[in-house]
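Engineer: This one is my_file37.csv, CSV, C-alpha atoms.
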```
chain,number,residue,atom,x,y,z
A,1,MET,CA,51.1,-22.8,38.6
A,2,GLU,CA,54.2,-22.8,36.5
A,3,GLN,CA,55.9,-20.6,39.0
A,4,ASN,CA,55.3,-23.2,41.7
A,5,VAL,CA,56.8,-25.9,39.6
A,6,THR,CA,60.0,-24.0,39.0
A,7,LYS,CA,60.2,-23.1,42.7
A,8,GLN,CA,60.0,-26.7,43.8
A,9,VAL,CA,62.5,-28.0,41.3
A,10,VAL,CA,65.2,-25.3,41.7
A,11,PRO,CA,66.3,-26.0,45.3
A,12,SER,CA,66.7,-29.7,44.7
A,13,SER,CA,69.2,-29.1,41.8
A,14,GLU,CA,72.7,-27.7,42.1
A,15,PRO,CA,73.1,-24.1,43.3
A,16,GLN,CA,74.5,-23.2,39.9
A,17,HIS,CA,71.3,-24.2,38.2
A,18,LYS,CA,69.4,-22.0,40.5
A,19,HIS,CA,71.7,-19.2,39.6
A,20,VAL,CA,71.3,-19.6,35.8
A,21,LEU,CA,67.5,-20.0,36.0
A,22,TRP,CA,67.3,-16.9,38.2
A,23,GLN,CA,69.5,-14.9,35.9
A,24,LEU,CA,67.5,-16.1,32.9
A,25,PHE,CA,64.3,-15.0,34.6
A,26,LYS,CA,65.7,-11.7,35.7
A,27,ALA,CA,67.1,-10.9,32.2
A,28,THR,CA,64.0,-11.8,30.2
A,29,PHE,CA,61.8,-10.0,32.7
A,30,CYS,CA,63.9,-6.7,32.4
A,31,LEU,CA,64.1,-6.9,28.6
A,32,SER,CA,60.4,-7.6,28.2
A,33,ALA,CA,59.5,-4.7,30.6
A,34,PHE,CA,61.4,-2.2,28.4
A,35,THR,CA,60.8,-3.4,24.9
A,36,PHE,CA,58.7,-1.2,22.7
A,37,GLY,CA,58.0,-1.7,19.1
A,38,GLY,CA,58.0,-5.2,17.9
A,39,GLY,CA,60.1,-8.4,18.0
A,40,PHE,CA,63.4,-7.2,16.5
A,41,VAL,CA,63.8,-4.7,19.3
A,42,ILE,CA,63.8,-7.3,22.0
A,43,VAL,CA,66.1,-9.5,19.9
A,44,SER,CA,68.7,-6.7,19.8
A,45,LEU,CA,68.4,-6.3,23.5
A,46,MET,CA,68.8,-10.0,24.0
A,47,LYS,CA,71.9,-9.9,21.8
A,48,LYS,CA,73.4,-7.2,24.1
A,49,LYS,CA,72.4,-9.1,27.3
A,50,PHE,CA,73.1,-12.7,26.4
A,51,VAL,CA,76.0,-12.4,23.9
A,52,GLU,CA,77.9,-9.3,25.0
A,53,GLU,CA,77.1,-9.1,28.8
A,54,LEU,CA,76.7,-12.6,30.0
A,55,GLY,CA,78.5,-14.5,27.2
A,56,TRP,CA,76.0,-17.3,27.2
A,57,LEU,CA,75.6,-17.5,23.4
A,58,THR,CA,77.6,-16.7,20.4
A,59,GLU,CA,76.6,-14.0,18.0
A,60,ASP,CA,75.8,-16.5,15.2
A,61,GLU,CA,73.6,-18.5,17.6
A,62,MET,CA,71.6,-15.4,18.5
A,63,LEU,CA,71.1,-14.6,14.8
A,64,ASP,CA,69.9,-18.1,14.1
A,65,ILE,CA,67.6,-17.9,17.1
A,66,THR,CA,66.2,-14.7,15.6
A,67,ALA,CA,65.5,-16.3,12.3
A,68,ILE,CA,63.8,-19.3,13.8
A,69,ALA,CA,61.7,-17.0,16.1
A,70,GLN,CA,60.7,-14.9,13.2
A,71,SER,CA,59.7,-17.8,11.0
A,72,SER,CA,57.6,-19.6,13.7
A,73,PRO,CA,54.0,-18.7,14.6
A,74,GLY,CA,53.4,-16.5,17.6
A,75,PRO,CA,55.0,-13.4,19.2
A,76,ILE,CA,58.8,-13.2,18.4
A,77,PRO,CA,59.9,-12.3,21.9
A,78,ILE,CA,58.1,-15.4,23.3
A,79,ASN,CA,59.5,-17.6,20.5
A,80,ALA,CA,63.0,-16.3,21.1
A,81,SER,CA,62.7,-16.9,24.9
A,82,VAL,CA,61.6,-20.5,24.4
A,83,ILE,CA,64.7,-21.3,22.3
A,84,LEU,CA,67.0,-19.3,24.5
A,85,GLY,CA,65.6,-21.0,27.6
A,86,TYR,CA,65.9,-24.4,26.0
A,87,ARG,CA,69.6,-23.7,25.2
A,88,MET,CA,70.4,-22.7,28.8
A,89,LYS,CA,68.4,-25.2,30.8
A,90,GLY,CA,66.2,-27.4,28.7
A,91,ILE,CA,62.4,-27.3,29.0
A,92,LEU,CA,62.6,-25.9,32.5
A,93,GLY,CA,64.7,-23.0,31.1
A,94,SER,CA,62.1,-22.4,28.4
A,95,LEU,CA,59.3,-22.2,31.0
A,96,VAL,CA,61.3,-19.7,33.1
A,97,ALA,CA,62.3,-17.6,30.1
A,98,VAL,CA,58.7,-17.5,28.8
A,99,LEU,CA,57.4,-16.5,32.3
A,100,GLY,CA,59.9,-13.7,32.5
A,101,THR,CA,58.9,-12.4,29.1
A,102,ALA,CA,55.2,-12.7,29.6
A,103,ILE,CA,54.8,-11.3,33.1
A,104,PRO,CA,55.7,-7.6,32.5
A,105,PRO,CA,53.3,-7.0,29.6
A,106,MET,CA,50.6,-8.9,31.5
A,107,VAL,CA,51.0,-6.8,34.7
A,108,ILE,CA,51.2,-3.5,32.7
A,109,ILE,CA,48.2,-4.2,30.6
A,110,SER,CA,46.1,-5.5,33.6
A,111,VAL,CA,46.7,-2.2,35.3
A,112,ILE,CA,46.0,-0.2,32.2
A,113,ALA,CA,42.8,-2.2,31.6
A,114,VAL,CA,41.5,-0.8,34.8
A,115,PHE,CA,42.7,2.8,34.4
A,116,TYR,CA,42.2,2.8,30.7
A,117,LYS,CA,40.7,6.3,30.3
A,118,GLN,CA,43.1,8.0,32.6
A,119,PHE,CA,46.0,6.3,31.0
A,120,ARG,CA,45.0,7.4,27.5
A,121,GLU,CA,44.5,11.0,28.5
A,122,ASN,CA,47.7,11.3,30.6
A,123,THR,CA,50.1,13.5,28.6
A,124,VAL,CA,53.2,12.8,30.8
A,125,ILE,CA,53.0,9.1,30.2
A,126,ALA,CA,52.4,9.7,26.5
A,127,THR,CA,55.5,11.9,26.3
A,128,ALA,CA,57.7,9.5,28.3
A,129,LEU,CA,56.7,6.6,26.0
A,130,GLN,CA,57.3,8.6,22.9
A,131,VAL,CA,60.8,9.9,23.9
A,132,MET,CA,61.8,6.4,25.0
A,133,ARG,CA,61.7,5.4,21.4
A,134,ALA,CA,64.9,7.5,20.8
A,135,GLY,CA,66.7,5.4,23.4
A,136,VAL,CA,65.4,2.2,21.9
A,137,ALA,CA,66.6,3.2,18.5
A,138,ALA,CA,70.0,4.0,19.9
A,139,VAL,CA,70.3,0.5,21.4
A,140,ILE,CA,69.2,-1.1,18.1
A,141,PHE,CA,71.7,0.9,16.1
A,142,ASP,CA,74.5,0.0,18.5
A,143,VAL,CA,73.7,-3.7,18.1
A,144,VAL,CA,73.3,-3.4,14.3
A,145,ILE,CA,76.7,-1.6,13.9
A,146,ASN,CA,78.4,-4.5,15.7
A,147,LEU,CA,76.6,-7.1,13.7
A,148,ALA,CA,77.2,-5.4,10.3
A,149,LYS,CA,80.9,-5.1,11.1
A,150,ASN,CA,81.1,-8.8,11.7
A,151,VAL,CA,79.3,-9.6,8.5
A,152,CYS,CA,81.8,-7.4,6.6
A,153,LYS,CA,84.7,-9.2,8.4
A,154,THR,CA,83.7,-12.4,6.7
A,155,LYS,CA,85.0,-10.8,3.5
A,156,ARG,CA,82.5,-12.8,1.4
A,157,TYR,CA,80.8,-10.6,-1.1
A,158,LEU,CA,77.8,-13.0,-1.1
A,159,TYR,CA,77.1,-12.3,2.6
A,160,ILE,CA,77.8,-8.5,2.4
A,161,GLY,CA,75.6,-8.3,-0.7
A,162,LEU,CA,72.8,-10.3,0.8
A,163,MET,CA,72.8,-8.0,3.8
A,164,ALA,CA,72.6,-4.8,1.6
A,165,ILE,CA,69.9,-6.2,-0.7
A,166,ALA,CA,67.9,-7.5,2.2
A,167,PHE,CA,68.1,-4.2,3.9
A,168,VAL,CA,66.9,-2.2,0.9
A,169,LEU,CA,64.1,-4.7,0.3
A,170,THR,CA,62.7,-4.7,3.8
A,171,CYS,CA,63.3,-1.1,4.7
A,172,PHE,CA,62.2,0.7,1.5
A,173,LEU,CA,60.2,-1.8,-0.5
A,174,LYS,CA,58.4,-3.3,2.5
A,175,VAL,CA,59.1,-6.9,1.5
A,176,SER,CA,58.0,-9.2,4.3
A,177,ALA,CA,60.6,-10.7,6.6
A,178,MET,CA,59.3,-14.2,5.8
A,179,VAL,CA,60.1,-13.8,2.1
A,180,ILE,CA,63.6,-12.6,2.9
A,181,ILE,CA,64.3,-15.5,5.2
A,182,LEU,CA,63.0,-18.1,2.9
A,183,SER,CA,65.0,-16.6,-0.1
A,184,CYS,CA,68.2,-16.6,1.9
A,185,VAL,CA,67.7,-20.2,3.0
A,186,ALA,CA,67.3,-21.0,-0.7
A,187,ILE,CA,70.5,-19.1,-1.6
A,188,GLY,CA,72.3,-20.9,1.3
A,189,VAL,CA,71.3,-24.2,-0.2
A,190,ILE,CA,72.5,-23.2,-3.7
A,191,ASP,CA,75.8,-22.0,-2.1
A,192,LEU,CA,76.2,-25.3,-0.3
A,193,ILE,CA,75.6,-27.3,-3.6
A,194,ILE,CA,78.2,-25.1,-5.4
A,195,GLN,CA,80.8,-25.6,-2.6
A,196,MET,CA,80.2,-29.4,-2.6
A,197,LYS,CA,80.7,-29.5,-6.3
A,198,LYS,CA,84.0,-27.5,-6.1
A,199,LYS,CA,85.3,-29.9,-3.4
A,200,GLY,CA,84.3,-32.8,-5.6
A,201,GLU,CA,86.4,-31.5,-8.5
A,202,THR,CA,89.5,-30.8,-6.4
A,203,VAL,CA,89.5,-34.3,-4.8
B,1,MET,CA,33.2,-18.7,28.0
B,2,ILE,CA,36.7,-18.8,29.4
B,3,PHE,CA,37.3,-22.0,27.4
B,4,LYS,CA,36.1,-20.2,24.2
B,5,LEU,CA,38.5,-17.4,24.9
B,6,PHE,CA,41.3,-19.8,25.4
B,7,LEU,CA,40.6,-21.5,22.1
B,8,SER,CA,40.4,-18.2,20.2
B,9,PHE,CA,43.7,-17.1,21.5
B,10,ILE,CA,45.3,-20.5,20.7
B,11,GLN,CA,44.3,-19.8,17.1
B,12,VAL,CA,45.8,-16.3,17.3
B,13,GLY,CA,49.0,-17.7,18.6
B,14,LEU,CA,49.1,-20.5,16.0
B,15,PHE,CA,48.3,-18.5,12.9
B,16,SER,CA,50.2,-15.2,13.5
B,17,VAL,CA,53.5,-15.9,11.7
B,18,GLY,CA,55.9,-13.0,11.6
B,19,GLY,CA,54.8,-11.5,14.9
B,20,GLY,CA,53.5,-8.1,15.9
B,21,TYR,CA,51.4,-6.5,13.2
B,22,ALA,CA,50.6,-9.8,11.5
B,23,ALA,CA,48.6,-10.7,14.6
B,24,ILE,CA,46.3,-7.7,14.5
B,25,PRO,CA,43.9,-8.8,11.8
B,26,LEU,CA,43.7,-12.2,13.4
B,27,ILE,CA,42.8,-10.9,16.8
B,28,GLN,CA,40.3,-8.6,15.3
B,29,GLN,CA,38.7,-11.5,13.5
B,30,GLN,CA,38.6,-13.7,16.5
B,31,ILE,CA,37.6,-11.2,19.2
B,32,VAL,CA,35.6,-8.5,17.4
B,33,GLU,CA,34.0,-10.3,14.5
B,34,ILE,CA,33.4,-13.9,15.5
B,35,HIS,CA,32.9,-13.8,19.2
B,36,LYS,CA,31.9,-10.1,19.6
B,37,LEU,CA,33.8,-9.8,22.8
B,38,MET,CA,34.9,-6.2,22.1
B,39,THR,CA,33.6,-3.4,19.9
B,40,LEU,CA,35.8,-2.1,17.0
B,41,ALA,CA,36.3,1.2,18.8
B,42,GLU,CA,37.6,-0.6,21.9
B,43,PHE,CA,39.8,-2.7,19.7
B,44,THR,CA,41.3,0.4,18.0
B,45,ASP,CA,42.1,1.8,21.5
B,46,LEU,CA,43.7,-1.5,22.5
B,47,ILE,CA,46.0,-1.3,19.5
B,48,THR,CA,47.0,2.2,20.4
B,49,ILE,CA,47.7,1.1,24.0
B,50,ALA,CA,49.6,-2.0,22.8
B,51,GLU,CA,51.8,0.2,20.7
B,52,MET,CA,52.6,2.5,23.5
B,53,THR,CA,53.4,-0.1,26.1
B,54,PRO,CA,56.1,-2.7,26.1
B,55,GLY,CA,55.5,-6.3,25.2
B,56,PRO,CA,54.2,-8.2,22.2
B,57,ILE,CA,50.9,-7.0,20.8
B,58,SER,CA,49.2,-10.4,20.9
B,59,ILE,CA,50.1,-10.9,24.6
B,60,ASN,CA,48.9,-7.3,25.3
B,61,SER,CA,45.6,-7.9,23.6
B,62,ALA,CA,45.1,-11.3,25.2
B,63,THR,CA,45.7,-9.8,28.7
B,64,PHE,CA,43.4,-6.8,27.9
B,65,VAL,CA,40.5,-8.9,26.6
B,66,GLY,CA,40.9,-11.5,29.3
B,67,THR,CA,41.0,-9.0,32.2
B,68,ARG,CA,37.9,-7.2,30.9
B,69,LEU,CA,35.9,-10.3,30.5
B,70,ALA,CA,37.0,-12.5,33.3
B,71,GLY,CA,39.5,-10.6,35.6
B,72,VAL,CA,42.9,-11.9,36.4
B,73,PRO,CA,42.2,-15.6,35.7
B,74,GLY,CA,40.9,-14.5,32.3
B,75,SER,CA,44.0,-12.6,31.5
B,76,ILE,CA,46.2,-15.6,32.5
B,77,ILE,CA,44.1,-18.1,30.5
B,78,CYS,CA,44.1,-15.9,27.3
B,79,THR,CA,47.9,-15.3,27.6
B,80,LEU,CA,48.4,-19.0,28.0
B,81,GLY,CA,46.4,-19.6,24.9
B,82,VAL,CA,48.7,-17.3,22.8
B,83,VAL,CA,51.9,-18.7,24.3
B,84,LEU,CA,51.0,-22.4,24.1
B,85,PRO,CA,51.4,-22.9,20.3
B,86,SER,CA,54.7,-20.9,20.3
B,87,PHE,CA,56.0,-22.9,23.2
B,88,CYS,CA,55.4,-26.3,21.6
B,89,ILE,CA,56.6,-25.4,18.1
B,90,CYS,CA,59.7,-23.4,19.2
B,91,LEU,CA,60.7,-26.2,21.6
B,92,ALA,CA,60.6,-28.7,18.8
B,93,LEU,CA,62.6,-26.3,16.5
B,94,ALA,CA,65.1,-25.6,19.2
B,95,TYR,CA,65.6,-29.3,19.7
B,96,PHE,CA,66.4,-29.8,16.0
B,97,TYR,CA,68.5,-26.7,15.7
B,98,TYR,CA,70.8,-27.7,18.5
B,99,LYS,CA,70.9,-31.3,17.3
B,100,TYR,CA,72.0,-30.4,13.7
B,101,ARG,CA,73.5,-27.0,13.8
B,102,ASN,CA,77.1,-28.2,13.9
B,103,PHE,CA,76.9,-30.0,10.6
B,104,SER,CA,78.9,-28.1,8.0
B,105,GLY,CA,76.1,-28.1,5.5
B,106,VAL,CA,73.7,-26.6,7.9
B,107,GLN,CA,76.3,-24.0,8.8
B,108,THR,CA,76.7,-23.0,5.2
B,109,ILE,CA,72.9,-22.4,4.8
B,110,LEU,CA,72.7,-20.6,8.2
B,111,SER,CA,75.6,-18.3,7.1
B,112,ALA,CA,73.6,-17.1,4.2
B,113,LEU,CA,70.7,-16.4,6.5
B,114,ARG,CA,72.5,-14.4,9.1
B,115,PRO,CA,73.3,-11.3,7.0
B,116,ALA,CA,69.6,-11.1,6.2
B,117,VAL,CA,68.7,-11.2,9.8
B,118,VAL,CA,71.1,-8.3,10.5
B,119,ALA,CA,69.3,-6.4,7.7
B,120,LEU,CA,65.9,-7.2,9.2
B,121,ILE,CA,67.0,-5.9,12.6
B,122,ALA,CA,68.5,-2.7,10.9
B,123,SER,CA,65.3,-2.1,9.2
B,124,ALA,CA,63.3,-2.4,12.4
B,125,GLY,CA,65.7,0.1,13.9
B,126,ILE,CA,65.1,2.6,11.1
B,127,SER,CA,61.3,2.3,11.6
B,128,ILE,CA,61.5,2.9,15.3
B,129,LEU,CA,64.0,5.8,14.8
B,130,MET,CA,61.7,7.5,12.3
B,131,LEU,CA,58.8,6.9,14.7
B,132,GLY,CA,60.8,8.6,17.4
B,133,LEU,CA,62.1,11.5,15.4
B,134,PHE,CA,59.1,12.3,13.3
B,135,GLY,CA,56.2,10.6,15.0
B,136,SER,CA,55.4,8.6,11.9
B,137,ASP,CA,57.0,5.8,9.8
B,138,HIS,CA,59.6,6.6,7.1
B,139,SER,CA,57.1,6.0,4.3
B,140,ASN,CA,55.0,9.0,5.2
B,141,PHE,CA,57.0,11.4,7.4
B,142,ALA,CA,57.1,15.2,7.1
B,143,LEU,CA,60.4,17.0,7.8
B,144,SER,CA,58.4,19.7,9.6
B,145,ASN,CA,57.6,17.2,12.3
B,146,PHE,CA,61.3,16.8,13.2
B,147,ARG,CA,61.7,16.5,17.0
B,148,ILE,CA,65.0,17.9,18.2
B,149,ILE,CA,64.8,16.5,21.7
B,150,GLU,CA,64.4,12.9,20.4
B,151,ALA,CA,67.3,13.5,18.0
B,152,LEU,CA,69.6,14.6,20.8
B,153,LEU,CA,68.5,11.7,23.0
B,154,PHE,CA,69.3,9.3,20.1
B,155,VAL,CA,72.7,10.7,19.4
B,156,GLY,CA,73.6,10.9,23.1
B,157,GLY,CA,72.3,7.4,23.7
B,158,LEU,CA,74.3,5.9,20.8
B,159,PHE,CA,77.4,7.8,21.9
B,160,LEU,CA,77.2,6.4,25.5
B,161,LEU,CA,76.5,2.9,24.2
B,162,ARG,CA,79.5,2.9,21.8
B,163,LYS,CA,82.0,4.8,23.8
B,164,PHE,CA,81.2,3.7,27.4
B,165,LYS,CA,79.2,0.5,27.0
B,166,VAL,CA,76.5,1.8,29.2
B,167,ASN,CA,73.7,-0.6,30.0
B,168,ALA,CA,71.0,-0.7,27.4
B,169,ILE,CA,68.0,-0.6,29.8
B,170,ALA,CA,69.6,2.4,31.5
B,171,ILE,CA,69.8,4.1,28.1
B,172,ILE,CA,66.1,3.4,27.3
B,173,PHE,CA,64.9,4.4,30.8
B,174,GLY,CA,67.2,7.4,31.0
B,175,SER,CA,66.0,8.7,27.6
B,176,GLY,CA,62.4,8.4,28.9
B,177,VAL,CA,63.2,10.4,32.1
B,178,ILE,CA,65.4,13.0,30.5
B,179,GLY,CA,63.1,13.5,27.5
B,180,THR,CA,60.0,13.9,29.7
B,181,ILE,CA,61.8,16.5,31.8
B,182,LEU,CA,63.0,18.4,28.7
B,183,TYR,CA,59.5,18.4,27.3
B,184,ALA,CA,58.2,19.7,30.6
B,185,ILE,CA,60.7,22.6,30.5
B,186,PHE,CA,60.4,23.6,26.8
```
Take the structure in the file and give it back as structure tokens.
Structural biologist:
Amino acid sequence: MEQNVTKQVVPSSEPQHKHVLWQLFKATFCLSAFTFGGGFVIVSLMKKKFVEELGWLTEDEMLDITAIAQSSPGPIPINASVILGYRMKGILGSLVAVLGTAIPPMVIISVIAVFYKQFRENTVIATALQVMRAGVAAVIFDVVINLAKNVCKTKRYLYIGLMAIAFVLTCFLKVSAMVIILSCVAIGVIDLIIQMKKKGETV
Amino acid sequence: MIFKLFLSFIQVGLFSVGGGYAAIPLIQQQIVEIHKLMTLAEFTDLITIAEMTPGPISINSATFVGTRLAGVPGSIICTLGVVLPSFCICLALAYFYYKYRNFSGVQTILSALRPAVVALIASAGISILMLGLFGSDHSNFALSNFRIIEALLFVGGLFLLRKFKVNAIAIIFGSGVIGTILYAIF
């Protein structure tokens, strides 16, 4: 249904629109097909694709989208695609991005649901899926190194400290992402109030 | 029955905040306990499969449950149920975000949030790395389970990404192919 709608609309708009929608679909489809292990994995892949490769978004924007996607109900990859699609081409963009993200797992699981026993007992598939994690980890680390560098470049101890503390809390003490995000919003609000007061004094 | 499924998965989509593992107990409650659409053993298998395959766990389980109970239409309807709440809520949030994000006050608050998001991504990266290298999370790993092939793939992959900016999907797919071949040889 949704596919038919997008197909009818696309040719009537400018060729460039078609290009962006197609690229959006292609990109979300590929990312979704190769994303193992939770929402933050796909977010780092999205950062690579949409910020570094295509240059559609800024790095800050991608981080904001990640925070919103994490704080809203539902699967993170779907949430991130909705926002990303909206940014590129409004509601139509959202539809296309969600379709791209949802189709690969649907197809894979539909096939597996039929060959469920064979799949579970196949050692080659199990090995391939296990070793792929090493590649996924490499991609995340690559993205994290770039992101952390840029946080350090701000030269604000507040931000660098928040990053270090948040990392220790989530990685070693298993504090939930939601708590971290809400606390940082609160810290941001306090920081804003302090900055406004300082400005008030100098004026 | 399809409508009942649709409603159950709308609830899963609506109440699973934080993604992934937060959704598991909810799906279990809706599908196994309330509606008895799957046995607990089947559900455990589903979680194993969902962890092994790409894609969000709630979409995976929606598709799996839907396909088994009502074929392809079932899988589409269940997935629609999971996605629908996300779609509406995130669309609204996206609208507000792009409307207000350029205000300097909003920027100050978001700037405090961004380093934390970097930390969250890093910590997800550590989890998956440990899962790759030791087959278990970093809270209960054993050094004796260290897998040298995965370690080499990780270092090699990271080197190619940093030095030559190789495509990320090529790295993931390549590590799968090379790793499987290496395991077959040794």
Engineer: Which residues are near Pro56 of chain B? Cut-off 8 Å, only C-alpha atoms, ignore same chain within fewer than 3 positions. Put them as a VMD selection string.
Structural biologist: (chain A and resid 38 to 39 75 to 77 105) or (chain B and resid 20 50 59 to 60)
Engineer: For the point (69.0, -1.1, 20.2) in file coordinates, what residues are within 10 Å, counting only C-alpha atoms? Give the answer as an MDAnalysis selection string?
Structural biologist: (chainID A and resid 35 40:48 133:145) or (chainID B and resid 121:122 124:125 128 157:158 161 168:169 171:172)
Engineer: Let me make sure I understand: among A:Leu95, A:Ala177, A:Ile194, A:Leu63, which one has the smallest atom-to-atom distance to Pro115 of chain B if we use all atoms listed in the file?
Structural biologist: A:Leu63
Engineer: Rounded to one decimal in Å, what is the spacing between atom CA of Phe173 of chain B and atom CA of Trp22 of chain A?
Structural biologist: 22.7 Å
Engineer: Hey, what's within 8 Å of Ser71 of chain A if we count only C-alpha atoms and toss same-chain stuff fewer than 3 positions away? As a PyMOL selection string, please?
Structural biologist: (chain A and resi 67-68+178+181) or (chain B and resi 17-18)
Engineer: Quick one, how far is atom CA of Leu37 of chain B from atom CA of Ser32 of chain A?
Structural biologist: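 About the pair atom CA of Leu37 of chain B and atom CA of Ser32 of chain A: they are 27.2 Å apart.
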Engineer: Atom CA of Leu131 of chain B and atom CA of Asn146 of chain A are how many Å apart?
Structural biologist: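 Between atom CA of Leu131 of chain B and atom CA of Asn146 of chain A the gap is 22.7 Å.
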Engineer: Got a sec: who's within 9 Å of segment 86-90 of chain A, counting all atoms listed in the file, leaving out chain neighbours fewer than 6 positions off, as a PyMOL selection string?
Structural biologist: (chain A and resi 17+20-21+24+56-57+97) or (chain B and resi 91+94-95+98)
Engineer: Next, write the just-selected residues to a file, as a compact mmCIF listing (two decimals), keeping the file's coordinate frame, keeping C-alpha atoms as the atom set.
Structural biologist:
```txt
# COMPACT_ATOMS: atom_id res chain seq x y z
CA HIS A 17 71.30 -24.20 38.20
CA VAL A 20 71.30 -19.60 35.80
CA LEU A 21 67.50 -20.00 36.00
CA LEU A 24 67.50 -16.10 32.90
CA TRP A 56 76.00 -17.30 27.20
CA LEU A 57 75.60 -17.50 23.40
CA ALA A 97 62.30 -17.60 30.10
CA LEU B 91 60.70 -26.20 21.60
CA ALA B 94 65.10 -25.60 19.20
CA TYR B 95 65.60 -29.30 19.70
CA TYR B 98 70.80 -27.70 18.50
```
Engineer: Got a sec: who's within 9 Å of Met106 of chain A, counting all atoms listed in the file, leaving out chain neighbours fewer than 6 positions off, as number ranges by chain?
Structural biologist: B: 55, 59-60, 62-64, 75-76, 79
Engineer: Pick the closest to Ile108 of chain A from B:Ala92, B:Ile178, B:Ile49, B:Ala151: which is it, counting only C-alpha atoms?
Structural biologist: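 So, comparing all the options, the nearest one is B:Ile49.
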Engineer: Counting all atoms listed in the file, I want the residues whose atoms come within 12 Å of (43.6, 1.2, 21.2) in the file frame, returned as a PDB file with C-alpha atoms, in the coordinates of the input.
Structural biologist:
```pdb
ATOM      1  CA  ILE A 109      48.200  -4.200  30.600  1.00  0.00           C
ATOM      2  CA  ILE A 112      46.000  -0.200  32.200  1.00  0.00           C
ATOM      3  CA  ALA A 113      42.800  -2.200  31.600  1.00  0.00           C
ATOM      4  CA  TYR A 116      42.200   2.800  30.700  1.00  0.00           C
ATOM      5  CA  LYS A 117      40.700   6.300  30.300  1.00  0.00           C
ATOM      6  CA  PHE A 119      46.000   6.300  31.000  1.00  0.00           C
ATOM      7  CA  ARG A 120      45.000   7.400  27.500  1.00  0.00           C
TER       8      ARG A 120
ATOM      9  CA  ILE B  24      46.300  -7.700  14.500  1.00  0.00           C
ATOM     10  CA  GLN B  28      40.300  -8.600  15.300  1.00  0.00           C
ATOM     11  CA  MET B  38      34.900  -6.200  22.100  1.00  0.00           C
ATOM     12  CA  THR B  39      33.600  -3.400  19.900  1.00  0.00           C
ATOM     13  CA  LEU B  40      35.800  -2.100  17.000  1.00  0.00           C
ATOM     14  CA  ALA B  41      36.300   1.200  18.800  1.00  0.00           C
ATOM     15  CA  GLU B  42      37.600  -0.600  21.900  1.00  0.00           C
ATOM     16  CA  PHE B  43      39.800  -2.700  19.700  1.00  0.00           C
ATOM     17  CA  THR B  44      41.300   0.400  18.000  1.00  0.00           C
ATOM     18  CA  ASP B  45      42.100   1.800  21.500  1.00  0.00           C
ATOM     19  CA  LEU B  46      43.700  -1.500  22.500  1.00  0.00           C
ATOM     20  CA  ILE B  47      46.000  -1.300  19.500  1.00  0.00           C
ATOM     21  CA  THR B  48      47.000   2.200  20.400  1.00  0.00           C
ATOM     22  CA  ILE B  49      47.700   1.100  24.000  1.00  0.00           C
ATOM     23  CA  ALA B  50      49.600  -2.000  22.800  1.00  0.00           C
ATOM     24  CA  GLU B  51      51.800   0.200  20.700  1.00  0.00           C
ATOM     25  CA  MET B  52      52.600   2.500  23.500  1.00  0.00           C
ATOM     26  CA  THR B  53      53.400  -0.100  26.100  1.00  0.00           C
ATOM     27  CA  ILE B  57      50.900  -7.000  20.800  1.00  0.00           C
ATOM     28  CA  ASN B  60      48.900  -7.300  25.300  1.00  0.00           C
ATOM     29  CA  SER B  61      45.600  -7.900  23.600  1.00  0.00           C
ATOM     30  CA  PHE B  64      43.400  -6.800  27.900  1.00  0.00           C
ATOM     31  CA  VAL B  65      40.500  -8.900  26.600  1.00  0.00           C
TER      32      VAL B  65
END
```
Engineer: Restricting the calculation to all atoms listed in the file, which member of B:Val106, B:Leu129, B:Leu26, B:Ile34 is positioned closest to chain A?
Structural biologist: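 Closest to chain A, using all atoms listed in the file: B:Leu129.
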Engineer: Which one is closest to chain B: A:Leu182, A:Pro73, A:Gln195, A:Val114? Count only C-alpha atoms.
Structural biologist: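 Between A:Leu182, A:Pro73, A:Gln195, A:Val114, the residue approaching chain B most closely is A:Pro73.
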Engineer: My list of candidates is A:Val98, A:Met62, A:Ser72, A:Val124. Which is closest to Ala27 of chain A when distances are computed with only C-alpha atoms?
Structural biologist: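 Looking at the shortest contact to Ala27 of chain A, the residue is A:Val98.
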Engineer: Extract segment 43-49 of chain A from the structure I just pasted (atoms: N, CA and C atoms) and return it as a PDB file, in the first residue's frame.
Structural biologist:
```
ATOM      1  N   VAL A  43      22.580   3.613  14.392  1.00  0.00           N
ATOM      2  CA  VAL A  43      22.803   5.047  14.467  1.00  0.00           C
ATOM      3  C   VAL A  43      24.228   5.394  14.037  1.00  0.00           C
ATOM      4  N   SER A  44      25.205   4.562  14.431  1.00  0.00           N
ATOM      5  CA  SER A  44      26.563   4.867  13.990  1.00  0.00           C
ATOM      6  C   SER A  44      26.714   4.653  12.492  1.00  0.00           C
ATOM      7  N   LEU A  45      26.004   3.657  11.957  1.00  0.00           N
ATOM      8  CA  LEU A  45      26.042   3.468  10.509  1.00  0.00           C
ATOM      9  C   LEU A  45      25.363   4.627   9.785  1.00  0.00           C
ATOM     10  N   MET A  46      24.258   5.113  10.358  1.00  0.00           N
ATOM     11  CA  MET A  46      23.566   6.262   9.756  1.00  0.00           C
ATOM     12  C   MET A  46      24.481   7.477   9.749  1.00  0.00           C
ATOM     13  N   LYS A  47      25.223   7.641  10.849  1.00  0.00           N
ATOM     14  CA  LYS A  47      26.136   8.785  10.946  1.00  0.00           C
ATOM     15  C   LYS A  47      27.165   8.708   9.813  1.00  0.00           C
ATOM     16  N   LYS A  48      27.699   7.526   9.594  1.00  0.00           N
ATOM     17  CA  LYS A  48      28.692   7.337   8.534  1.00  0.00           C
ATOM     18  C   LYS A  48      28.091   7.669   7.174  1.00  0.00           C
ATOM     19  N   LYS A  49      26.881   7.133   6.948  1.00  0.00           N
ATOM     20  CA  LYS A  49      26.258   7.274   5.638  1.00  0.00           C
ATOM     21  C   LYS A  49      25.780   8.719   5.386  1.00  0.00           C
TER      22      LYS A  49
END
```
